[in-house]
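What's in structure_25.pdb: PDB, C-alpha atoms
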ATOM      1  CA  MET A   1     -13.481-106.173   5.936  1.00  0.00           C
ATOM      2  CA  SER A   2     -16.048-108.882   5.076  1.00  0.00           C
ATOM      3  CA  ARG A   3     -17.296-108.796   1.473  1.00  0.00           C
ATOM      4  CA  CYS A   4     -20.980-108.344   0.784  1.00  0.00           C
ATOM      5  CA  ARG A   5     -22.324-111.068  -1.530  1.00  0.00           C
ATOM      6  CA  HIS A   6     -25.562-109.092  -1.971  1.00  0.00           C
ATOM      7  CA  CYS A   7     -24.623-105.477  -1.311  1.00  0.00           C
ATOM      8  CA  ALA A   8     -27.337-103.378   0.311  1.00  0.00           C
ATOM      9  CA  PRO A   9     -28.473-100.452  -1.821  1.00  0.00           C
ATOM     10  CA  VAL A  10     -27.145 -97.032  -0.789  1.00  0.00           C
ATOM     11  CA  PRO A  11     -29.781 -95.389   1.460  1.00  0.00           C
ATOM     12  CA  GLU A  12     -31.719 -92.516  -0.139  1.00  0.00           C
ATOM     13  CA  GLY A  13     -30.622 -90.119   2.626  1.00  0.00           C
ATOM     14  CA  VAL A  14     -26.960 -90.785   1.803  1.00  0.00           C
ATOM     15  CA  ARG A  15     -27.632 -90.212  -1.905  1.00  0.00           C
ATOM     16  CA  GLN A  16     -29.356 -86.887  -1.211  1.00  0.00           C
ATOM     17  CA  ALA A  17     -26.674 -85.650   1.167  1.00  0.00           C
ATOM     18  CA  ALA A  18     -24.002 -86.759  -1.308  1.00  0.00           C
ATOM     19  CA  GLY A  19     -25.899 -84.952  -4.056  1.00  0.00           C
ATOM     20  CA  LEU A  20     -25.582 -81.734  -2.094  1.00  0.00           C
ATOM     21  CA  LEU A  21     -21.796 -82.025  -1.945  1.00  0.00           C
ATOM     22  CA  GLU A  22     -21.521 -82.929  -5.635  1.00  0.00           C
ATOM     23  CA  GLY A  23     -22.132 -79.380  -6.777  1.00  0.00           C
ATOM     24  CA  ARG A  24     -18.768 -77.941  -7.813  1.00  0.00           C
ATOM     25  CA  TRP A  25     -17.441 -75.472  -5.194  1.00  0.00           C
ATOM     26  CA  THR A  26     -20.144 -76.399  -2.661  1.00  0.00           C
ATOM     27  CA  VAL A  27     -17.677 -77.721  -0.095  1.00  0.00           C
ATOM     28  CA  SER A  28     -15.494 -74.621  -0.584  1.00  0.00           C
ATOM     29  CA  ILE A  29     -18.536 -72.373  -0.052  1.00  0.00           C
ATOM     30  CA  LEU A  30     -19.383 -74.301   3.124  1.00  0.00           C
ATOM     31  CA  TRP A  31     -15.769 -73.990   4.294  1.00  0.00           C
ATOM     32  CA  ALA A  32     -15.943 -70.203   3.732  1.00  0.00           C
ATOM     33  CA  SER A  33     -19.214 -69.953   5.671  1.00  0.00           C
ATOM     34  CA  TYR A  34     -17.582 -71.757   8.641  1.00  0.00           C
ATOM     35  CA  GLU A  35     -14.760 -69.230   8.378  1.00  0.00           C
ATOM     36  CA  GLY A  36     -17.286 -66.411   8.748  1.00  0.00           C
ATOM     37  CA  ALA A  37     -18.269 -65.505   5.195  1.00  0.00           C
ATOM     38  CA  SER A  38     -21.914 -64.501   4.860  1.00  0.00           C
ATOM     39  CA  ARG A  39     -22.024 -62.002   2.012  1.00  0.00           C
ATOM     40  CA  PHE A  40     -21.793 -62.736  -1.693  1.00  0.00           C
ATOM     41  CA  ASN A  41     -18.462 -60.909  -2.095  1.00  0.00           C
ATOM     42  CA  GLU A  42     -17.002 -62.643   0.943  1.00  0.00           C
ATOM     43  CA  PHE A  43     -17.827 -66.044  -0.551  1.00  0.00           C
ATOM     44  CA  LYS A  44     -16.426 -64.861  -3.902  1.00  0.00           C
ATOM     45  CA  GLN A  45     -13.242 -63.685  -2.149  1.00  0.00           C
ATOM     46  CA  ALA A  46     -12.743 -66.984  -0.299  1.00  0.00           C
ATOM     47  CA  VAL A  47     -13.639 -69.358  -3.116  1.00  0.00           C
ATOM     48  CA  GLY A  48     -11.839 -67.341  -5.780  1.00  0.00           C
ATOM     49  CA  GLU A  49     -12.304 -68.403  -9.368  1.00  0.00           C
ATOM     50  CA  ILE A  50     -15.996 -69.365  -9.103  1.00  0.00           C
ATOM     51  CA  PRO A  51     -18.165 -67.551 -11.729  1.00  0.00           C
ATOM     52  CA  PRO A  52     -20.633 -65.188  -9.976  1.00  0.00           C
ATOM     53  CA  ARG A  53     -23.618 -66.874 -11.600  1.00  0.00           C
ATOM     54  CA  THR A  54     -22.470 -70.298 -10.302  1.00  0.00           C
ATOM     55  CA  LEU A  55     -21.933 -68.878  -6.812  1.00  0.00           C
ATOM     56  CA  ALA A  56     -25.455 -67.446  -6.882  1.00  0.00           C
ATOM     57  CA  GLN A  57     -26.814 -70.836  -7.980  1.00  0.00           C
ATOM     58  CA  ARG A  58     -24.920 -72.719  -5.253  1.00  0.00           C
ATOM     59  CA  LEU A  59     -26.209 -70.300  -2.596  1.00  0.00           C
ATOM     60  CA  VAL A  60     -29.781 -70.949  -3.799  1.00  0.00           C
ATOM     61  CA  GLU A  61     -29.161 -74.733  -3.690  1.00  0.00           C
ATOM     62  CA  LEU A  62     -27.778 -74.500  -0.150  1.00  0.00           C
ATOM     63  CA  GLU A  63     -30.772 -72.380   0.828  1.00  0.00           C
ATOM     64  CA  ARG A  64     -33.186 -74.958  -0.648  1.00  0.00           C
ATOM     65  CA  ALA A  65     -31.311 -77.749   1.147  1.00  0.00           C
ATOM     66  CA  GLY A  66     -31.877 -75.883   4.423  1.00  0.00           C
ATOM     67  CA  VAL A  67     -28.163 -75.361   4.990  1.00  0.00           C
ATOM     68  CA  LEU A  68     -28.059 -71.566   4.505  1.00  0.00           C
ATOM     69  CA  GLU A  69     -30.691 -68.951   5.238  1.00  0.00           C
ATOM     70  CA  ARG A  70     -30.940 -65.788   3.124  1.00  0.00           C
ATOM     71  CA  VAL A  71     -31.471 -62.726   5.318  1.00  0.00           C
ATOM     72  CA  VAL A  72     -32.145 -59.218   3.959  1.00  0.00           C
ATOM     73  CA  ILE A  73     -30.645 -56.558   6.238  1.00  0.00           C
ATOM     74  CA  ASP A  74     -32.684 -53.352   6.354  1.00  0.00           C
ATOM     75  CA  ALA A  75     -29.824 -50.926   5.725  1.00  0.00           C
ATOM     76  CA  ARG A  76     -29.174 -48.207   3.142  1.00  0.00           C
ATOM     77  CA  PRO A  77     -28.651 -49.788   0.713  1.00  0.00           C
ATOM     78  CA  PRO A  78     -30.248 -53.068   1.946  1.00  0.00           C
ATOM     79  CA  ARG A  79     -27.761 -55.932   2.330  1.00  0.00           C
ATOM     80  CA  VAL A  80     -28.179 -59.704   1.896  1.00  0.00           C
ATOM     81  CA  GLU A  81     -26.472 -62.246   4.121  1.00  0.00           C
ATOM     82  CA  TYR A  82     -26.413 -66.042   3.831  1.00  0.00           C
ATOM     83  CA  ARG A  83     -26.354 -67.455   7.340  1.00  0.00           C
ATOM     84  CA  LEU A  84     -25.878 -71.007   8.501  1.00  0.00           C
ATOM     85  CA  THR A  85     -28.985 -72.756   9.739  1.00  0.00           C
ATOM     86  CA  PRO A  86     -28.738 -75.337  12.553  1.00  0.00           C
ATOM     87  CA  ALA A  87     -28.502 -78.055   9.854  1.00  0.00           C
ATOM     88  CA  GLY A  88     -25.796 -75.984   8.164  1.00  0.00           C
ATOM     89  CA  ARG A  89     -23.815 -75.831  11.363  1.00  0.00           C
ATOM     90  CA  ARG A  90     -24.238 -79.592  11.871  1.00  0.00           C
ATOM     91  CA  LEU A  91     -22.803 -80.130   8.370  1.00  0.00           C
ATOM     92  CA  GLN A  92     -19.535 -78.621   9.601  1.00  0.00           C
ATOM     93  CA  ALA A  93     -18.633 -82.056  11.020  1.00  0.00           C
ATOM     94  CA  VAL A  94     -18.466 -83.373   7.440  1.00  0.00           C
ATOM     95  CA  VAL A  95     -16.301 -80.513   6.170  1.00  0.00           C
ATOM     96  CA  ASP A  96     -14.037 -80.756   9.239  1.00  0.00           C
ATOM     97  CA  ALA A  97     -13.629 -84.510   8.630  1.00  0.00           C
ATOM     98  CA  LEU A  98     -12.759 -83.772   4.999  1.00  0.00           C
ATOM     99  CA  VAL A  99     -10.238 -81.105   6.043  1.00  0.00           C
ATOM    100  CA  ARG A 100      -8.609 -83.574   8.452  1.00  0.00           C
ATOM    101  CA  TRP A 101      -8.499 -86.248   5.752  1.00  0.00           C
ATOM    102  CA  ALA A 102      -6.964 -83.795   3.304  1.00  0.00           C
ATOM    103  CA  GLY A 103      -4.439 -82.850   5.947  1.00  0.00           C
ATOM    104  CA  ALA A 104      -5.174 -79.271   4.934  1.00  0.00           C
TER     105      ALA A 104
ATOM    106  CA  MET B   1     -19.894 -66.668  14.495  1.00  0.00           C
ATOM    107  CA  SER B   2     -17.659 -63.639  13.772  1.00  0.00           C
ATOM    108  CA  ARG B   3     -17.733 -62.399  10.170  1.00  0.00           C
ATOM    109  CA  CYS B   4     -14.529 -62.340   8.153  1.00  0.00           C
ATOM    110  CA  ARG B   5     -13.896 -58.889   6.629  1.00  0.00           C
ATOM    111  CA  HIS B   6     -11.150 -60.372   4.452  1.00  0.00           C
ATOM    112  CA  CYS B   7     -12.032 -64.049   4.065  1.00  0.00           C
ATOM    113  CA  ALA B   8      -9.063 -66.392   3.791  1.00  0.00           C
ATOM    114  CA  PRO B   9      -8.932 -68.321   0.519  1.00  0.00           C
ATOM    115  CA  VAL B  10     -10.030 -71.964   0.682  1.00  0.00           C
ATOM    116  CA  PRO B  11      -6.894 -74.115   1.166  1.00  0.00           C
ATOM    117  CA  GLU B  12      -5.813 -76.116  -1.899  1.00  0.00           C
ATOM    118  CA  GLY B  13      -6.049 -79.396   0.055  1.00  0.00           C
ATOM    119  CA  VAL B  14      -9.716 -78.719   0.838  1.00  0.00           C
ATOM    120  CA  ARG B  15     -10.407 -77.925  -2.814  1.00  0.00           C
ATOM    121  CA  GLN B  16      -8.774 -81.173  -3.968  1.00  0.00           C
ATOM    122  CA  ALA B  17     -10.538 -83.322  -1.401  1.00  0.00           C
ATOM    123  CA  ALA B  18     -13.819 -81.590  -2.243  1.00  0.00           C
ATOM    124  CA  GLY B  19     -13.115 -82.202  -5.925  1.00  0.00           C
ATOM    125  CA  LEU B  20     -12.936 -85.922  -5.237  1.00  0.00           C
ATOM    126  CA  LEU B  21     -16.406 -85.941  -3.678  1.00  0.00           C
ATOM    127  CA  GLU B  22     -17.893 -83.830  -6.471  1.00  0.00           C
ATOM    128  CA  GLY B  23     -17.954 -86.714  -8.913  1.00  0.00           C
ATOM    129  CA  ARG B  24     -21.533 -87.909  -9.153  1.00  0.00           C
ATOM    130  CA  TRP B  25     -22.031 -91.240  -7.270  1.00  0.00           C
ATOM    131  CA  THR B  26     -18.564 -91.063  -5.690  1.00  0.00           C
ATOM    132  CA  VAL B  27     -19.893 -90.884  -2.120  1.00  0.00           C
ATOM    133  CA  SER B  28     -22.299 -93.758  -2.881  1.00  0.00           C
ATOM    134  CA  ILE B  29     -19.415 -95.850  -4.247  1.00  0.00           C
ATOM    135  CA  LEU B  30     -17.395 -95.089  -1.108  1.00  0.00           C
ATOM    136  CA  TRP B  31     -20.382 -96.013   1.060  1.00  0.00           C
ATOM    137  CA  ALA B  32     -20.661 -99.349  -0.790  1.00  0.00           C
ATOM    138  CA  SER B  33     -16.946-100.052  -0.310  1.00  0.00           C
ATOM    139  CA  TYR B  34     -17.309 -99.513   3.437  1.00  0.00           C
ATOM    140  CA  GLU B  35     -20.222-101.960   3.322  1.00  0.00           C
ATOM    141  CA  GLY B  36     -17.918-104.569   1.797  1.00  0.00           C
ATOM    142  CA  ALA B  37     -18.284-104.104  -1.949  1.00  0.00           C
ATOM    143  CA  SER B  38     -15.050-104.698  -3.866  1.00  0.00           C
ATOM    144  CA  ARG B  39     -16.095-106.030  -7.269  1.00  0.00           C
ATOM    145  CA  PHE B  40     -17.552-104.093 -10.146  1.00  0.00           C
ATOM    146  CA  ASN B  41     -20.921-105.854  -9.976  1.00  0.00           C
ATOM    147  CA  GLU B  42     -21.133-105.392  -6.214  1.00  0.00           C
ATOM    148  CA  PHE B  43     -20.673-101.631  -6.632  1.00  0.00           C
ATOM    149  CA  LYS B  44     -23.195-101.664  -9.478  1.00  0.00           C
ATOM    150  CA  GLN B  45     -25.658-103.577  -7.259  1.00  0.00           C
ATOM    151  CA  ALA B  46     -25.273-101.178  -4.318  1.00  0.00           C
ATOM    152  CA  VAL B  47     -25.261 -97.909  -6.258  1.00  0.00           C
ATOM    153  CA  GLY B  48     -28.001 -99.008  -8.662  1.00  0.00           C
ATOM    154  CA  GLU B  49     -28.722 -96.714 -11.575  1.00  0.00           C
ATOM    155  CA  ILE B  50     -25.129 -95.672 -12.290  1.00  0.00           C
ATOM    156  CA  PRO B  51     -24.129 -96.329 -15.945  1.00  0.00           C
ATOM    157  CA  PRO B  52     -21.373 -98.997 -16.106  1.00  0.00           C
ATOM    158  CA  ARG B  53     -19.023 -96.661 -17.970  1.00  0.00           C
ATOM    159  CA  THR B  54     -19.430 -93.983 -15.264  1.00  0.00           C
ATOM    160  CA  LEU B  55     -18.805 -96.540 -12.530  1.00  0.00           C
ATOM    161  CA  ALA B  56     -15.624 -97.634 -14.306  1.00  0.00           C
ATOM    162  CA  GLN B  57     -14.517 -94.003 -14.551  1.00  0.00           C
ATOM    163  CA  ARG B  58     -15.225 -93.303 -10.868  1.00  0.00           C
ATOM    164  CA  LEU B  59     -13.247 -96.402  -9.849  1.00  0.00           C
ATOM    165  CA  VAL B  60     -10.277 -95.155 -11.913  1.00  0.00           C
ATOM    166  CA  GLU B  61     -10.571 -91.688 -10.292  1.00  0.00           C
ATOM    167  CA  LEU B  62     -10.658 -93.221  -6.810  1.00  0.00           C
ATOM    168  CA  GLU B  63      -7.652 -95.357  -7.733  1.00  0.00           C
ATOM    169  CA  ARG B  64      -5.736 -92.281  -8.959  1.00  0.00           C
ATOM    170  CA  ALA B  65      -6.692 -90.421  -5.778  1.00  0.00           C
ATOM    171  CA  GLY B  66      -5.132 -93.260  -3.777  1.00  0.00           C
ATOM    172  CA  VAL B  67      -8.455 -94.184  -2.171  1.00  0.00           C
ATOM    173  CA  LEU B  68      -8.962 -97.563  -3.862  1.00  0.00           C
ATOM    174  CA  GLU B  69      -6.406-100.107  -5.063  1.00  0.00           C
ATOM    175  CA  ARG B  70      -7.116-102.301  -8.080  1.00  0.00           C
ATOM    176  CA  VAL B  71      -6.056-105.921  -7.409  1.00  0.00           C
ATOM    177  CA  VAL B  72      -6.132-108.687 -10.032  1.00  0.00           C
ATOM    178  CA  ILE B  73      -6.921-112.064  -8.456  1.00  0.00           C
ATOM    179  CA  ASP B  74      -5.161-114.960 -10.160  1.00  0.00           C
ATOM    180  CA  ALA B  75      -8.217-117.195 -10.564  1.00  0.00           C
ATOM    181  CA  ARG B  76      -9.916-118.893 -13.524  1.00  0.00           C
ATOM    182  CA  PRO B  77     -11.142-116.600 -14.907  1.00  0.00           C
ATOM    183  CA  PRO B  78      -9.018-113.849 -13.263  1.00  0.00           C
ATOM    184  CA  ARG B  79     -11.026-111.466 -11.087  1.00  0.00           C
ATOM    185  CA  VAL B  80     -10.538-107.766 -10.296  1.00  0.00           C
ATOM    186  CA  GLU B  81     -11.185-106.257  -6.879  1.00  0.00           C
ATOM    187  CA  TYR B  82     -11.094-102.616  -5.797  1.00  0.00           C
ATOM    188  CA  ARG B  83      -9.835-102.520  -2.242  1.00  0.00           C
ATOM    189  CA  LEU B  84      -9.652 -99.628   0.173  1.00  0.00           C
ATOM    190  CA  THR B  85      -6.204 -98.230   0.791  1.00  0.00           C
ATOM    191  CA  PRO B  86      -5.281 -96.792   4.210  1.00  0.00           C
ATOM    192  CA  ALA B  87      -6.270 -93.343   2.885  1.00  0.00           C
ATOM    193  CA  GLY B  88      -9.530 -94.857   1.630  1.00  0.00           C
ATOM    194  CA  ARG B  89     -10.279 -96.246   5.062  1.00  0.00           C
ATOM    195  CA  ARG B  90      -9.464 -92.867   6.653  1.00  0.00           C
ATOM    196  CA  LEU B  91     -11.993 -91.248   4.291  1.00  0.00           C
ATOM    197  CA  GLN B  92     -14.715 -93.288   5.973  1.00  0.00           C
ATOM    198  CA  ALA B  93     -14.857 -90.624   8.726  1.00  0.00           C
ATOM    199  CA  VAL B  94     -16.163 -88.170   6.107  1.00  0.00           C
ATOM    200  CA  VAL B  95     -18.810 -90.552   4.777  1.00  0.00           C
ATOM    201  CA  ASP B  96     -19.849 -91.523   8.318  1.00  0.00           C
ATOM    202  CA  ALA B  97     -20.209 -87.831   9.233  1.00  0.00           C
ATOM    203  CA  LEU B  98     -22.326 -87.324   6.109  1.00  0.00           C
ATOM    204  CA  VAL B  99     -24.503 -90.342   6.974  1.00  0.00           C
ATOM    205  CA  ARG B 100     -25.022 -88.986  10.499  1.00  0.00           C
ATOM    206  CA  TRP B 101     -25.888 -85.548   9.106  1.00  0.00           C
ATOM    207  CA  ALA B 102     -28.339 -87.089   6.667  1.00  0.00           C
ATOM    208  CA  GLY B 103     -29.851 -89.068   9.506  1.00  0.00           C
ATOM    209  CA  ALA B 104     -29.765 -92.013   7.128  1.00  0.00           C
TER     210      ALA B 104
END
Kindly return the structure encoded in the file as structure tokens.
Amino acid sequence: MSRCRHCAPVPEGVRQAAGLLEGRWTVSILWASYEGASRFNEFKQAVGEIPPRTLAQRLVELERAGVLERVVIDARPPRVEYRLTPAGRRLQAVVDALVRWAGA
Amino acid sequence: MSRCRHCAPVPEGVRQAAGLLEGRWTVSILWASYEGASRFNEFKQAVGEIPPRTLAQRLVELERAGVLERVVIDARPPRVEYRLTPAGRRLQAVVDALVRWAGA
């Protein structure tokens, strides 16, 4: 590993992507979505001790980041599902790599 | 993608690994180490606006997590380097996957 005398600055894209994963529980929420969770209670069940308000906030952040898509199901009563977008599915490679590293 | 009626809880290993990446700037520090940074100022140069005290704290966290190893170089004056451990090098797969996802 050669040392960098003048280290290149971290690219903005890496900072933004890293920023997404910095939210507490975000990776766990992503993991749950890859396991099939799509409703609020399913995420709550998988992630466990996350406060409901924080879970709601993380779902909004993931929606804004284009990772999840909020879909209202016309049922009685209406239901809300958070589905993976194509970008969300592509992000699975990162979570899978983390799972392998963790030896989970 | 089949839905999980009863979603399995997120494995502890995933939570811990995710916890490591949740520290602000941690992924950027890792990125810099894969680019060859090993001294405090090199990390500071690559990551940019990180406060020195936060950088010091992140380096300690990465050391505790077994990702970086702090080495004192017997020079005049003595120098300190933060080198990747085998586990640290294995974590590069996660950062590389994130960089690819970010299209950086």
message = Restricting the calculation to all atoms listed in the file: of A:Arg76, A:Val67, A:Gly13, A:Tyr82, which residue gets closest to Val27 of chain A?
response = A:Val67
request  = Translate the PyMOL selection byres ((chain B) within 8 of (chain A)), as applied to the file shown, into an explicit residue set as a PyMOL selection string.
outcome  = chain B and resi 1-19+21-25+27-28+31-32+35-38+42-43+45-48+87+90-91+93-95+97-99+101-104
inquiry  = I need the output of the PyMOL selection byres ((chain A and resi 59) around 9) for this file as number ranges by chain; which residues are they?
reply    = A: 26, 29, 40, 54-58, 60-64, 68, 70, 82
Point-to-point distance from atom CA of Pro51 of chain B to atom CA of Asp74 of chain B, Å rounded to tenths =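 Those two atoms sit 27.2 Å apart.
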message = So the first atom is atom CA of Glu81 of chain B and the second is atom CA of Arg53 of chain B; what is the distance between them in Å, to one decimal place?
response =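 One can read the atom CA of Glu81 of chain B to atom CA of Arg53 of chain B distance as 16.6 Å.
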